[in-house]
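Engineer: Pasting in a structure now, in structure tokens, and then I'll have a few things to ask.
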Amino acid sequence: MASKTASIAPPSAVEMGARQREISVSEFFTKNRHLLGFDNPRKALLTCVKEAVDNALDACEEAGILPDVIVKVEAVGNGDPPPPASQATRFRITITDNGPGIVRGQIPRIFAKLLYGSKFHRLRMSRGQQGIGISAAGMYGQLTTGKPVQIISRTSPRAPAHFFEVQIDTKKNEPHILEKKQVDNWEYPRGTQVTLEVEGRYQKGRASIDEYLEQTIIANPHVRLTYAAPDGETREHPRTYAELPPTPREIKPHPNGIELGMLLKMLQDTTSHSLAGFLAADFSRVSPRLADDICKAAGLSPRARPRDVHGQAAEKLYQTIQATRIMAPPTNCLSPIGERAILSGLYQQIKGDFYTAVTRPPSVYRGNPFVIEAGLAYGRGPEQTPAAPEKAALPLAEGEAPTSEHELARVIRYANRVPLLYQQSACASYKAVVDTSWRNYGVPQSRGAVPAGPMVIFVHMASVWVPFTSESKEAIADYDEIRKEITLALRECGRRLGAFLRRRERAHSEHRRRNIFELYIEEVVASCNRLKGGTLPIARLKEQLQRMALKRTGGEKTDELVGRNGHGPEGLPHSIIVTAEGVEGDVPLAVSPNGAAAVESPVPMTEATPPSAPRAGTRRSKAASSSRATSAAKRRTPPRAKPRTRAKRRKG
Amino acid sequence: MARKRPKTTAVEKKLVSVADLVITAAQRSKDPTLAIPVRSLANVTFNPRNGLIELGKRKQARSFFNVGMAKKFMQTVLVADALCELQRANLTTSLREIYYRTKHTIKNSHENTLDTQDESDPLIEDLEVTLAALREELHVRAENAGSIVGPLVLADDGDRVDCSRLGKGGYSVPSIVEPEYLDIKKCTADFVLLVEKGTQWNRLSEDKFWRRYNCILLTGNGQPPRGVRRLARRLHEERKLPVYVLVDNDPWGYYIYSVIKQGSINLAFESQRMAIPKAKFIGLSSADPEAYGLPRNVGIKLNDKDVSRARELLGYSWFQKKDWQEEIKRMLSSGLKFELDALANKDFQYLTKKYLPRKLKEEDWLD
């Protein structure tokens with residue numbers, strides 16, 4: 001009946017109004033889970049692991065604790081014994097950290113309410129941004145397996161651990177507690193453990209959990225990670241860098257980075273009584289004098305009540321702010337990985353002959369400060385290189401060519417230390433790699449492709465707000481300022497690689513030069529002897545020619561060139577060169593197993609810390625000393641790690 | 001060794017001189033260096049007085065202690081060694097066999113002395129020019145890639161070959177036709193007709209054209225090999241026979257003619273013995289399609305390569321005669337090339353019955 005009437009008479013506004021109602025975020029994302037990275041079972045499994053690990057690391061670092069993370073993924077049978085990992089469709093994911101723990105009252109909302117968290121409202125660099133991730137993972141589990149999220153958390157060895165089992169009420173976007181109890185004998189003194197049961201597929205290779213964790217280790221060498229894979233294997237990744245990244249500080253928004261609507265809202269919400277006071281207090285880099293100037297330029301009284309500024313006046317104010325040159329935002333809200341740590345990560349995880357890393361000076365897009373870091377690992381490592389000629393032991397027949405591999409470089413991308421595994425070609429960093437002309441640095445590259453060769457290219461963007469192309473955080477948006485910084489960092493890496501390759505080639509060719517003559521002398525002497533009817537004093541001719549060959553190839557000078565006298569990688573800062581003879585450069589020192597001491601004595605980085613606060617401190621003073629950090633960046637050569645580390649050693 | 005053949009030939013001595021060069025240089029602590037005459041267009045000149053392309057004086061140094069040249073120098077010595085071996089054993093061989101003879105893996109390495117025949121072939125030419133020895137003298141022969149038929153009696157290794165009694169197939173011209181190997185016993189022909197393609201030679205041979213016009217029919221199947229060129233030259237020189245050349249009407253046909261007439265750029269040093277400066281170009285001329293009523297649709301459009309080659313020919317000093325400039329420009333402006341085979345469009349025997357008789361009667365040829 002109803003449908004009949006509907007087809008006869010279109011619904012009235014009243015009828016339509018009856019159907020209009022609020023949509024909860026959780027409902028929205030239940031229907032649109034692909035937006036959050038749950039589009040297929042394989043990716044969903046990875047996303048769940050990723051969200052939980054990111055949260056664990058963020059929590060540890062914020063509390064100044066060197067992270068110890070245990071990731072366990074196991075196949076679950078639906079009542080039956082679990083099938084092999086490759087065929088399983090259900091998995092239980094358990095992630096345990098040694099972080100600060102969560103207070104009892106917040107646990108349900110953190111894990112079972114979308115858009116709830118500590119990170120969204122702060123301008124500070126962290127892995128998570130919106131407060132969607134882990135709750136969405138829980139929701140996905142609930143949707144596909146009906147199982148709730150289980151959490152155990154303990155805030156100190158003296159406090160008891162709390163166990164929660166929560167579900168999300170998708171209609172209201174509120175947590176629904178199924179069970180809560182106190183656990184007396186939880187094995188860890190402090191930390192949080194999350195258990196999710198989700199539908200998924202486990203597959204190794206590209207964009208797998210294994211790859212994600214491996215890449216996480218590269219960018220976070222300060223993490224100790226234990227990974228129990230679904231196939232029953234357990235892999236331990238020890239800590240290779242015993243220093244926590246400096247804690248990033250929270251900053252106020254920069255006037256250049258806000259939109260008009262945001263300004264209107266801030267005008268309403270402020271606690272300041274005057275417009276000038278509001279500008280100076282609620283924004284970074286606006287001094288009282290500058291605030292007065294802005295007000296005057298906008299034709300407003302500096303003493304006006306912020307709440308009274310709206311409409312035309314507010315728009316004028318906004319335009320004036322945008323037109324005013326304001327010092328770039330402070331950059332101590334950022335915590336780049338640092339050249340030494342990147343080097344250490346690459347060196348430990350990837351076999352190669354040459355490693356280098358570059359941290360760019362901070363820069364700004366849309367009022368958000370950011371830092372680009374790039375790294376490079378090149379070659380197959382000395383263990384594998386000498387094996388190649390052995391295969392070619394057979395002399396080649398006509399038309400046979402020595403087999404050359406056409407391997408393309410691998411680009412590993414990070415945003416705020418989190419590996420990005422999907423949508424590579426949509427990412428600004430990948431585009432920058434493709435657009436860099438690697439041929440200038442002696443690496444082959446086809447048009448519109450990544451360079452060829454045994455090479456891993458590392459790109460990291462650290463920012464208070466990384467502009468992702470989608471909610472699932474897979475690719476960095478292509479802002480000109482970001483692209484430019486990435487390109488500059490890659491070029492610096494490329495130059496160092498080029499210098500290394502040229503040096504190696506020179507040594508090689510000197511070597512070859514001498515070999516050529518030595519090889520051919522045999523042939524020439526034998527031929528001459530035959531031509532002369534076998535009557536030639538062979539030894540004498542050979543000796544005469546060899547003496548000349550030695551003279552022509554520079555004698556001992558060649559030895560020097562070939563690098564037999566062991567000089568370091570000159571002119572190649574922050575680089576490691578690995579040869580069959582050994583390793584030279586900024587080789588990371590092995591971390592003693594009891595580096596755990598640092599866990600108990602975190603280094604809180606407060607404003608009060610004098611210039612000794614190594615990284616952030618030097619950056620801040622430099623940025624402050626010039627009117628604009630960006631213009632200063634242009635003049636400054638990339639910061640060197642050496643003085644920094646020396647300062648550190650003196651301290652410790 | 002040397003006792004078996006006490007007399008060393010002049011060529012052998014020349015080859016051994018390569019070894020001497022290395023030995024003396026080594027004794028004086030000098031870089032062993034071969035001076036090889038440059039074989040390129042830049043180093044050849046056309047001598048209008050004798051009508052030959054001659055090699056200039058420019059030489060390139062090939063020295064051992066130079067990374068770029070070391071391997072080539074070594075290979076050159078190796079090839080000289082192989083050639084000397086041929087001399088001593090009194091054998092002849094092919095370019096390809098020389099390549100195989102000299103190829104081996106260098107001791108204590110995975111490197112071959114030579115990788116392809118393309119590396120050894122130019123070295124043999126290098127040695128020919130450097131030592132002023134002909135390829136035949138070096139005992140290197142080419143394929144038998146030519147045929148001859150006509151009123152001619154030859155003596156080959158003591159066998160009497162009567163080229164008028166060899167049916168349609170004729171006698172296969174060996175690559176070495178020096179008097180010591182091949183003797184012209186008797187020749188009653190009035191002229192030599194050198195045909196570019198085997199097809200037309202077969203047509204003429206089948207139709208017994210040579211009997212009717214008392215001539216020698218010779219073909220080299222494309223660019224004539226040295227044996228054919230040398231035999232034509234000997235017939236021209238020893239028997240005073242005029243030589244007429246019948247080729248396709250395209251830039252490559254013109255060049256074949258010019259090689260027969262003046263010698264080639266690459267082997268300019270052999271012009272003296274090979275070239276026939278008085279050879280005449282009988283066809284196919286770019287004027288023929290009109291004169292003989294060949295329809296336009298049996299032509300082939302000149303491609304870019306043809307056009308650029310034709311332009312190159314226009315620039316060669318031995319094509320500067322007015323008639324030749326006109327001939328080539330006529331082809332370029334028509335934009336078409338014609339194969340000899342296109343004459344079959346009129347009649348299968350058009351070549352034998354109409355085209356050549358009329359050409360010979362009208363003496364319609366280019367010099």
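By convention in this document, the chains of the structure tokens carry letters A, B, ... by their order, each chain's residues are numbered from 1, and ligands are numbered from 1 in the order they are shown.
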I need the chain B residues near chain A as a VMD selection string; criterion: at most 10 Å, counting only C-alpha atoms.
Structural biologist: chain B and resid 1 to 2 12 to 13 15 to 32 64 to 68 70 to 85 104 to 117
Engineer: Please run DSSP on the backbone and report, as a list of chain:residue names, all residues within segment 434-482 of chain A that come out as strand (DSSP E).
Structural biologist: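 Taking segment 434-482 of chain A and keeping strand (DSSP E) gives A:Met455, A:Val456, A:Ile457, A:Phe458, A:Val459, A:His460, A:Met461, A:Ala462, A:Ser463.
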Engineer: Give the alpha helix (DSSP H) residues of segment 219-458 of chain A, as DSSP finds them on the backbone, and put them as a PDB file with N, CA and C atoms, in the first residue's frame.
Structural biologist:
ATOM      1  N   ALA A 219      62.696   2.704  10.063  1.00  0.00           N
ATOM      2  CA  ALA A 219      62.506   4.105  10.433  1.00  0.00           C
ATOM      3  C   ALA A 219      62.470   4.310  11.942  1.00  0.00           C
ATOM      4  N   LEU A 260      39.295  30.658   6.987  1.00  0.00           N
ATOM      5  CA  LEU A 260      38.425  31.694   7.555  1.00  0.00           C
ATOM      6  C   LEU A 260      37.489  31.117   8.635  1.00  0.00           C
ATOM      7  N   GLY A 261      36.894  30.007   8.349  1.00  0.00           N
ATOM      8  CA  GLY A 261      35.953  29.397   9.301  1.00  0.00           C
ATOM      9  C   GLY A 261      36.624  29.095  10.622  1.00  0.00           C
ATOM     10  N   MET A 262      37.846  28.625  10.534  1.00  0.00           N
ATOM     11  CA  MET A 262      38.637  28.310  11.717  1.00  0.00           C
ATOM     12  C   MET A 262      38.889  29.573  12.534  1.00  0.00           C
ATOM     13  N   LEU A 263      39.197  30.657  11.805  1.00  0.00           N
ATOM     14  CA  LEU A 263      39.465  31.924  12.484  1.00  0.00           C
ATOM     15  C   LEU A 263      38.207  32.394  13.221  1.00  0.00           C
ATOM     16  N   LEU A 264      37.053  32.277  12.561  1.00  0.00           N
ATOM     17  CA  LEU A 264      35.788  32.695  13.174  1.00  0.00           C
ATOM     18  C   LEU A 264      35.544  31.923  14.466  1.00  0.00           C
ATOM     19  N   LYS A 265      35.800  30.607  14.400  1.00  0.00           N
ATOM     20  CA  LYS A 265      35.562  29.770  15.557  1.00  0.00           C
ATOM     21  C   LYS A 265      36.498  30.155  16.700  1.00  0.00           C
ATOM     22  N   MET A 266      37.766  30.422  16.313  1.00  0.00           N
ATOM     23  CA  MET A 266      38.736  30.779  17.340  1.00  0.00           C
ATOM     24  C   MET A 266      38.369  32.117  17.983  1.00  0.00           C
ATOM     25  N   LEU A 267      37.838  33.030  17.154  1.00  0.00           N
ATOM     26  CA  LEU A 267      37.431  34.332  17.683  1.00  0.00           C
ATOM     27  C   LEU A 267      36.342  34.155  18.743  1.00  0.00           C
ATOM     28  N   GLN A 268      35.453  33.202  18.498  1.00  0.00           N
ATOM     29  CA  GLN A 268      34.371  32.958  19.447  1.00  0.00           C
ATOM     30  C   GLN A 268      34.871  32.287  20.716  1.00  0.00           C
ATOM     31  N   ASP A 269      35.814  31.361  20.545  1.00  0.00           N
ATOM     32  CA  ASP A 269      36.219  30.520  21.674  1.00  0.00           C
ATOM     33  C   ASP A 269      37.283  31.128  22.569  1.00  0.00           C
ATOM     34  N   LEU A 275      41.390  41.972  20.715  1.00  0.00           N
ATOM     35  CA  LEU A 275      41.733  41.336  19.449  1.00  0.00           C
ATOM     36  C   LEU A 275      43.236  41.108  19.334  1.00  0.00           C
ATOM     37  N   ALA A 276      43.998  42.146  19.710  1.00  0.00           N
ATOM     38  CA  ALA A 276      45.449  42.016  19.617  1.00  0.00           C
ATOM     39  C   ALA A 276      45.938  40.927  20.558  1.00  0.00           C
ATOM     40  N   GLY A 277      45.351  40.894  21.741  1.00  0.00           N
ATOM     41  CA  GLY A 277      45.738  39.867  22.706  1.00  0.00           C
ATOM     42  C   GLY A 277      45.439  38.481  22.172  1.00  0.00           C
ATOM     43  N   PHE A 278      44.286  38.344  21.512  1.00  0.00           N
ATOM     44  CA  PHE A 278      43.892  37.068  20.938  1.00  0.00           C
ATOM     45  C   PHE A 278      44.905  36.610  19.888  1.00  0.00           C
ATOM     46  N   LEU A 279      45.267  37.544  18.998  1.00  0.00           N
ATOM     47  CA  LEU A 279      46.201  37.181  17.934  1.00  0.00           C
ATOM     48  C   LEU A 279      47.530  36.737  18.515  1.00  0.00           C
ATOM     49  N   ALA A 280      47.979  37.480  19.516  1.00  0.00           N
ATOM     50  CA  ALA A 280      49.295  37.176  20.073  1.00  0.00           C
ATOM     51  C   ALA A 280      49.273  35.890  20.885  1.00  0.00           C
ATOM     52  N   ALA A 281      48.158  35.617  21.551  1.00  0.00           N
ATOM     53  CA  ALA A 281      48.141  34.482  22.471  1.00  0.00           C
ATOM     54  C   ALA A 281      47.769  33.176  21.788  1.00  0.00           C
ATOM     55  N   ASP A 282      46.887  33.226  20.804  1.00  0.00           N
ATOM     56  CA  ASP A 282      46.365  31.980  20.241  1.00  0.00           C
ATOM     57  C   ASP A 282      47.078  31.501  18.978  1.00  0.00           C
ATOM     58  N   PRO A 288      53.054  40.758  20.201  1.00  0.00           N
ATOM     59  CA  PRO A 288      52.073  41.812  20.467  1.00  0.00           C
ATOM     60  C   PRO A 288      52.186  42.939  19.459  1.00  0.00           C
ATOM     61  N   ARG A 289      53.426  43.254  19.056  1.00  0.00           N
ATOM     62  CA  ARG A 289      53.582  44.367  18.119  1.00  0.00           C
ATOM     63  C   ARG A 289      52.995  44.006  16.767  1.00  0.00           C
ATOM     64  N   LEU A 290      53.301  42.816  16.332  1.00  0.00           N
ATOM     65  CA  LEU A 290      52.780  42.356  15.046  1.00  0.00           C
ATOM     66  C   LEU A 290      51.252  42.287  15.096  1.00  0.00           C
ATOM     67  N   ALA A 291      50.723  41.883  16.265  1.00  0.00           N
ATOM     68  CA  ALA A 291      49.268  41.802  16.408  1.00  0.00           C
ATOM     69  C   ALA A 291      48.643  43.182  16.238  1.00  0.00           C
ATOM     70  N   ASP A 292      49.266  44.194  16.872  1.00  0.00           N
ATOM     71  CA  ASP A 292      48.782  45.572  16.712  1.00  0.00           C
ATOM     72  C   ASP A 292      48.797  45.974  15.249  1.00  0.00           C
ATOM     73  N   ASP A 293      49.926  45.667  14.592  1.00  0.00           N
ATOM     74  CA  ASP A 293      50.068  46.044  13.172  1.00  0.00           C
ATOM     75  C   ASP A 293      48.969  45.416  12.331  1.00  0.00           C
ATOM     76  N   ILE A 294      48.701  44.129  12.610  1.00  0.00           N
ATOM     77  CA  ILE A 294      47.685  43.434  11.816  1.00  0.00           C
ATOM     78  C   ILE A 294      46.326  44.091  12.015  1.00  0.00           C
ATOM     79  N   CYS A 295      46.014  44.384  13.263  1.00  0.00           N
ATOM     80  CA  CYS A 295      44.728  45.008  13.543  1.00  0.00           C
ATOM     81  C   CYS A 295      44.596  46.325  12.805  1.00  0.00           C
ATOM     82  N   LYS A 296      45.670  47.114  12.881  1.00  0.00           N
ATOM     83  CA  LYS A 296      45.605  48.425  12.231  1.00  0.00           C
ATOM     84  C   LYS A 296      45.431  48.264  10.735  1.00  0.00           C
ATOM     85  N   ALA A 297      46.211  47.360  10.169  1.00  0.00           N
ATOM     86  CA  ALA A 297      46.143  47.164   8.718  1.00  0.00           C
ATOM     87  C   ALA A 297      44.750  46.706   8.299  1.00  0.00           C
ATOM     88  N   GLY A 311      31.635  38.667  10.397  1.00  0.00           N
ATOM     89  CA  GLY A 311      31.202  39.144   9.091  1.00  0.00           C
ATOM     90  C   GLY A 311      32.344  39.769   8.313  1.00  0.00           C
ATOM     91  N   GLN A 312      32.055  40.921   7.705  1.00  0.00           N
ATOM     92  CA  GLN A 312      33.011  41.656   6.885  1.00  0.00           C
ATOM     93  C   GLN A 312      34.346  41.879   7.592  1.00  0.00           C
ATOM     94  N   ALA A 313      34.227  42.313   8.885  1.00  0.00           N
ATOM     95  CA  ALA A 313      35.438  42.639   9.635  1.00  0.00           C
ATOM     96  C   ALA A 313      36.334  41.418   9.770  1.00  0.00           C
ATOM     97  N   ALA A 314      35.710  40.270  10.055  1.00  0.00           N
ATOM     98  CA  ALA A 314      36.498  39.066  10.230  1.00  0.00           C
ATOM     99  C   ALA A 314      37.177  38.671   8.915  1.00  0.00           C
ATOM    100  N   GLU A 315      36.432  38.845   7.822  1.00  0.00           N
ATOM    101  CA  GLU A 315      37.007  38.486   6.534  1.00  0.00           C
ATOM    102  C   GLU A 315      38.181  39.385   6.199  1.00  0.00           C
ATOM    103  N   LYS A 316      38.035  40.681   6.533  1.00  0.00           N
ATOM    104  CA  LYS A 316      39.118  41.645   6.296  1.00  0.00           C
ATOM    105  C   LYS A 316      40.349  41.239   7.124  1.00  0.00           C
ATOM    106  N   LEU A 317      40.054  40.868   8.372  1.00  0.00           N
ATOM    107  CA  LEU A 317      41.140  40.452   9.261  1.00  0.00           C
ATOM    108  C   LEU A 317      41.866  39.242   8.670  1.00  0.00           C
ATOM    109  N   TYR A 318      41.071  38.296   8.170  1.00  0.00           N
ATOM    110  CA  TYR A 318      41.645  37.085   7.608  1.00  0.00           C
ATOM    111  C   TYR A 318      42.540  37.415   6.423  1.00  0.00           C
ATOM    112  N   GLN A 319      42.022  38.290   5.537  1.00  0.00           N
ATOM    113  CA  GLN A 319      42.823  38.649   4.355  1.00  0.00           C
ATOM    114  C   GLN A 319      44.100  39.362   4.752  1.00  0.00           C
ATOM    115  N   THR A 320      43.997  40.216   5.770  1.00  0.00           N
ATOM    116  CA  THR A 320      45.187  40.938   6.225  1.00  0.00           C
ATOM    117  C   THR A 320      46.234  39.966   6.759  1.00  0.00           C
ATOM    118  N   ILE A 321      45.753  39.000   7.535  1.00  0.00           N
ATOM    119  CA  ILE A 321      46.697  38.023   8.097  1.00  0.00           C
ATOM    120  C   ILE A 321      47.417  37.279   6.978  1.00  0.00           C
ATOM    121  N   GLN A 322      46.620  36.875   5.973  1.00  0.00           N
ATOM    122  CA  GLN A 322      47.236  36.128   4.875  1.00  0.00           C
ATOM    123  C   GLN A 322      48.249  36.979   4.116  1.00  0.00           C
ATOM    124  N   ALA A 323      47.994  38.299   4.064  1.00  0.00           N
ATOM    125  CA  ALA A 323      48.882  39.167   3.306  1.00  0.00           C
ATOM    126  C   ALA A 323      50.125  39.559   4.102  1.00  0.00           C
ATOM    127  N   GLU A 339      69.718  11.700  10.748  1.00  0.00           N
ATOM    128  CA  GLU A 339      70.540  10.987   9.763  1.00  0.00           C
ATOM    129  C   GLU A 339      71.164   9.732  10.335  1.00  0.00           C
ATOM    130  N   ARG A 340      71.664   9.832  11.553  1.00  0.00           N
ATOM    131  CA  ARG A 340      72.341   8.659  12.128  1.00  0.00           C
ATOM    132  C   ARG A 340      71.379   7.509  12.349  1.00  0.00           C
ATOM    133  N   ALA A 341      70.161   7.857  12.799  1.00  0.00           N
ATOM    134  CA  ALA A 341      69.196   6.789  13.066  1.00  0.00           C
ATOM    135  C   ALA A 341      68.731   6.145  11.763  1.00  0.00           C
ATOM    136  N   ILE A 342      68.550   6.951  10.724  1.00  0.00           N
ATOM    137  CA  ILE A 342      68.131   6.385   9.435  1.00  0.00           C
ATOM    138  C   ILE A 342      69.222   5.455   8.927  1.00  0.00           C
ATOM    139  N   LEU A 343      70.464   5.976   9.000  1.00  0.00           N
ATOM    140  CA  LEU A 343      71.599   5.158   8.552  1.00  0.00           C
ATOM    141  C   LEU A 343      71.620   3.834   9.297  1.00  0.00           C
ATOM    142  N   SER A 344      71.430   3.951  10.585  1.00  0.00           N
ATOM    143  CA  SER A 344      71.467   2.762  11.419  1.00  0.00           C
ATOM    144  C   SER A 344      70.369   1.795  11.001  1.00  0.00           C
ATOM    145  N   GLY A 345      69.156   2.325  10.789  1.00  0.00           N
ATOM    146  CA  GLY A 345      68.047   1.469  10.389  1.00  0.00           C
ATOM    147  C   GLY A 345      68.298   0.789   9.059  1.00  0.00           C
ATOM    148  N   LEU A 346      68.762   1.577   8.090  1.00  0.00           N
ATOM    149  CA  LEU A 346      69.003   1.005   6.760  1.00  0.00           C
ATOM    150  C   LEU A 346      70.116  -0.033   6.828  1.00  0.00           C
ATOM    151  N   TYR A 347      71.170   0.326   7.554  1.00  0.00           N
ATOM    152  CA  TYR A 347      72.344  -0.545   7.617  1.00  0.00           C
ATOM    153  C   TYR A 347      72.003  -1.881   8.263  1.00  0.00           C
ATOM    154  N   GLN A 348      71.146  -1.839   9.277  1.00  0.00           N
ATOM    155  CA  GLN A 348      70.827  -3.082   9.975  1.00  0.00           C
ATOM    156  C   GLN A 348      69.872  -3.949   9.178  1.00  0.00           C
ATOM    157  N   GLN A 349      68.973  -3.334   8.424  1.00  0.00           N
ATOM    158  CA  GLN A 349      67.897  -4.108   7.809  1.00  0.00           C
ATOM    159  C   GLN A 349      68.150  -4.462   6.355  1.00  0.00           C
ATOM    160  N   ALA A 387      80.053 -13.439  -5.579  1.00  0.00           N
ATOM    161  CA  ALA A 387      79.486 -14.702  -6.030  1.00  0.00           C
ATOM    162  C   ALA A 387      79.127 -14.659  -7.509  1.00  0.00           C
ATOM    163  N   ALA A 388      78.854 -13.447  -8.007  1.00  0.00           N
ATOM    164  CA  ALA A 388      78.375 -13.332  -9.380  1.00  0.00           C
ATOM    165  C   ALA A 388      79.369 -13.864 -10.432  1.00  0.00           C
ATOM    166  N   PRO A 389      80.656 -13.472 -10.393  1.00  0.00           N
ATOM    167  CA  PRO A 389      81.561 -13.950 -11.438  1.00  0.00           C
ATOM    168  C   PRO A 389      81.709 -15.474 -11.468  1.00  0.00           C
ATOM    169  N   GLU A 390      81.463 -16.112 -10.339  1.00  0.00           N
ATOM    170  CA  GLU A 390      81.615 -17.560 -10.315  1.00  0.00           C
ATOM    171  C   GLU A 390      80.700 -18.250 -11.308  1.00  0.00           C
ATOM    172  N   LYS A 391      79.499 -17.662 -11.450  1.00  0.00           N
ATOM    173  CA  LYS A 391      78.533 -18.248 -12.374  1.00  0.00           C
ATOM    174  C   LYS A 391      79.054 -18.178 -13.801  1.00  0.00           C
ATOM    175  N   ALA A 428      53.370  11.824  -3.178  1.00  0.00           N
ATOM    176  CA  ALA A 428      54.308  12.872  -3.573  1.00  0.00           C
ATOM    177  C   ALA A 428      55.741  12.360  -3.539  1.00  0.00           C
ATOM    178  N   SER A 429      56.062  11.505  -2.568  1.00  0.00           N
ATOM    179  CA  SER A 429      57.454  11.065  -2.462  1.00  0.00           C
ATOM    180  C   SER A 429      57.826  10.154  -3.628  1.00  0.00           C
ATOM    181  N   TYR A 430      56.899   9.284  -4.040  1.00  0.00           N
ATOM    182  CA  TYR A 430      57.187   8.422  -5.173  1.00  0.00           C
ATOM    183  C   TYR A 430      57.344   9.263  -6.440  1.00  0.00           C
ATOM    184  N   LYS A 431      56.467  10.256  -6.585  1.00  0.00           N
ATOM    185  CA  LYS A 431      56.562  11.107  -7.768  1.00  0.00           C
ATOM    186  C   LYS A 431      57.901  11.841  -7.787  1.00  0.00           C
ATOM    187  N   ALA A 432      58.339  12.274  -6.608  1.00  0.00           N
ATOM    188  CA  ALA A 432      59.619  12.982  -6.549  1.00  0.00           C
ATOM    189  C   ALA A 432      60.758  12.045  -6.944  1.00  0.00           C
ATOM    190  N   VAL A 433      60.678  10.781  -6.546  1.00  0.00           N
ATOM    191  CA  VAL A 433      61.726   9.818  -6.909  1.00  0.00           C
ATOM    192  C   VAL A 433      61.755   9.641  -8.419  1.00  0.00           C
ATOM    193  N   VAL A 434      60.567   9.533  -9.021  1.00  0.00           N
ATOM    194  CA  VAL A 434      60.491   9.336 -10.466  1.00  0.00           C
ATOM    195  C   VAL A 434      61.008  10.570 -11.205  1.00  0.00           C
ATOM    196  N   ASP A 435      60.682  11.758 -10.668  1.00  0.00           N
ATOM    197  CA  ASP A 435      61.067  12.984 -11.359  1.00  0.00           C
ATOM    198  C   ASP A 435      62.531  13.362 -11.186  1.00  0.00           C
TER     199      ASP A 435
END
Engineer: As a list in words, please: the residues near Asp118 of chain B (cut-off 12 Å, only C-alpha atoms, same-chain neighbours under 3 positions excluded).
Structural biologist: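 Final neighbour list, sorted by chain and number: Glu398 and Gly399 of chain A; Leu95, Arg96, Ile98, Tyr99, Tyr100, Leu114, Asp115, Asp121, Pro122, Leu123, Ile124 and Glu125 of chain B.
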Engineer: Deliver the residues from the most recent selection as a file, using N, CA and C atoms, as an mmCIF file, in the first residue's frame.
Structural biologist:
data_model
loop_
_atom_site.group_PDB
_atom_site.id
_atom_site.type_symbol
_atom_site.label_atom_id
_atom_site.label_comp_id
_atom_site.auth_asym_id
_atom_site.auth_seq_id
_atom_site.Cartn_x
_atom_site.Cartn_y
_atom_site.Cartn_z
ATOM 1 N N GLU A 398 79.379 -17.097 -28.924
ATOM 2 C CA GLU A 398 78.944 -15.941 -29.695
ATOM 3 C C GLU A 398 77.449 -15.701 -29.456
ATOM 4 N N GLY A 399 77.080 -14.430 -29.257
ATOM 5 C CA GLY A 399 75.671 -14.114 -29.066
ATOM 6 C C GLY A 399 75.236 -14.213 -27.620
ATOM 7 N N LEU B 95 87.084 -15.853 -44.054
ATOM 8 C CA LEU B 95 87.115 -14.902 -42.931
ATOM 9 C C LEU B 95 86.598 -15.566 -41.657
ATOM 10 N N ARG B 96 85.543 -16.357 -41.831
ATOM 11 C CA ARG B 96 84.916 -16.963 -40.656
ATOM 12 C C ARG B 96 85.839 -17.972 -39.991
ATOM 13 N N ILE B 98 89.048 -17.834 -39.991
ATOM 14 C CA ILE B 98 90.071 -17.059 -39.273
ATOM 15 C C ILE B 98 89.551 -16.686 -37.887
ATOM 16 N N TYR B 99 88.283 -16.288 -37.887
ATOM 17 C CA TYR B 99 87.652 -15.914 -36.614
ATOM 18 C C TYR B 99 87.681 -17.083 -35.639
ATOM 19 N N TYR B 100 87.279 -18.254 -36.106
ATOM 20 C CA TYR B 100 87.265 -19.402 -35.204
ATOM 21 C C TYR B 100 88.676 -19.800 -34.773
ATOM 22 N N LEU B 114 88.131 -12.959 -28.938
ATOM 23 C CA LEU B 114 87.189 -12.301 -29.848
ATOM 24 C C LEU B 114 85.811 -12.779 -29.447
ATOM 25 N N ASP B 115 84.828 -11.921 -29.607
ATOM 26 C CA ASP B 115 83.477 -12.377 -29.304
ATOM 27 C C ASP B 115 82.648 -12.652 -30.550
ATOM 28 N N ASP B 121 86.955 -9.402 -38.773
ATOM 29 C CA ASP B 121 86.947 -8.993 -40.183
ATOM 30 C C ASP B 121 87.685 -7.679 -40.445
ATOM 31 N N PRO B 122 87.368 -6.615 -39.692
ATOM 32 C CA PRO B 122 88.096 -5.370 -39.955
ATOM 33 C C PRO B 122 89.590 -5.484 -39.688
ATOM 34 N N LEU B 123 89.971 -6.400 -38.780
ATOM 35 C CA LEU B 123 91.398 -6.536 -38.477
ATOM 36 C C LEU B 123 92.147 -7.088 -39.694
ATOM 37 N N ILE B 124 91.476 -7.985 -40.444
ATOM 38 C CA ILE B 124 92.112 -8.530 -41.638
ATOM 39 C C ILE B 124 92.298 -7.420 -42.673
ATOM 40 N N GLU B 125 91.255 -6.584 -42.804
ATOM 41 C CA GLU B 125 91.387 -5.445 -43.722
ATOM 42 C C GLU B 125 92.491 -4.514 -43.257
#
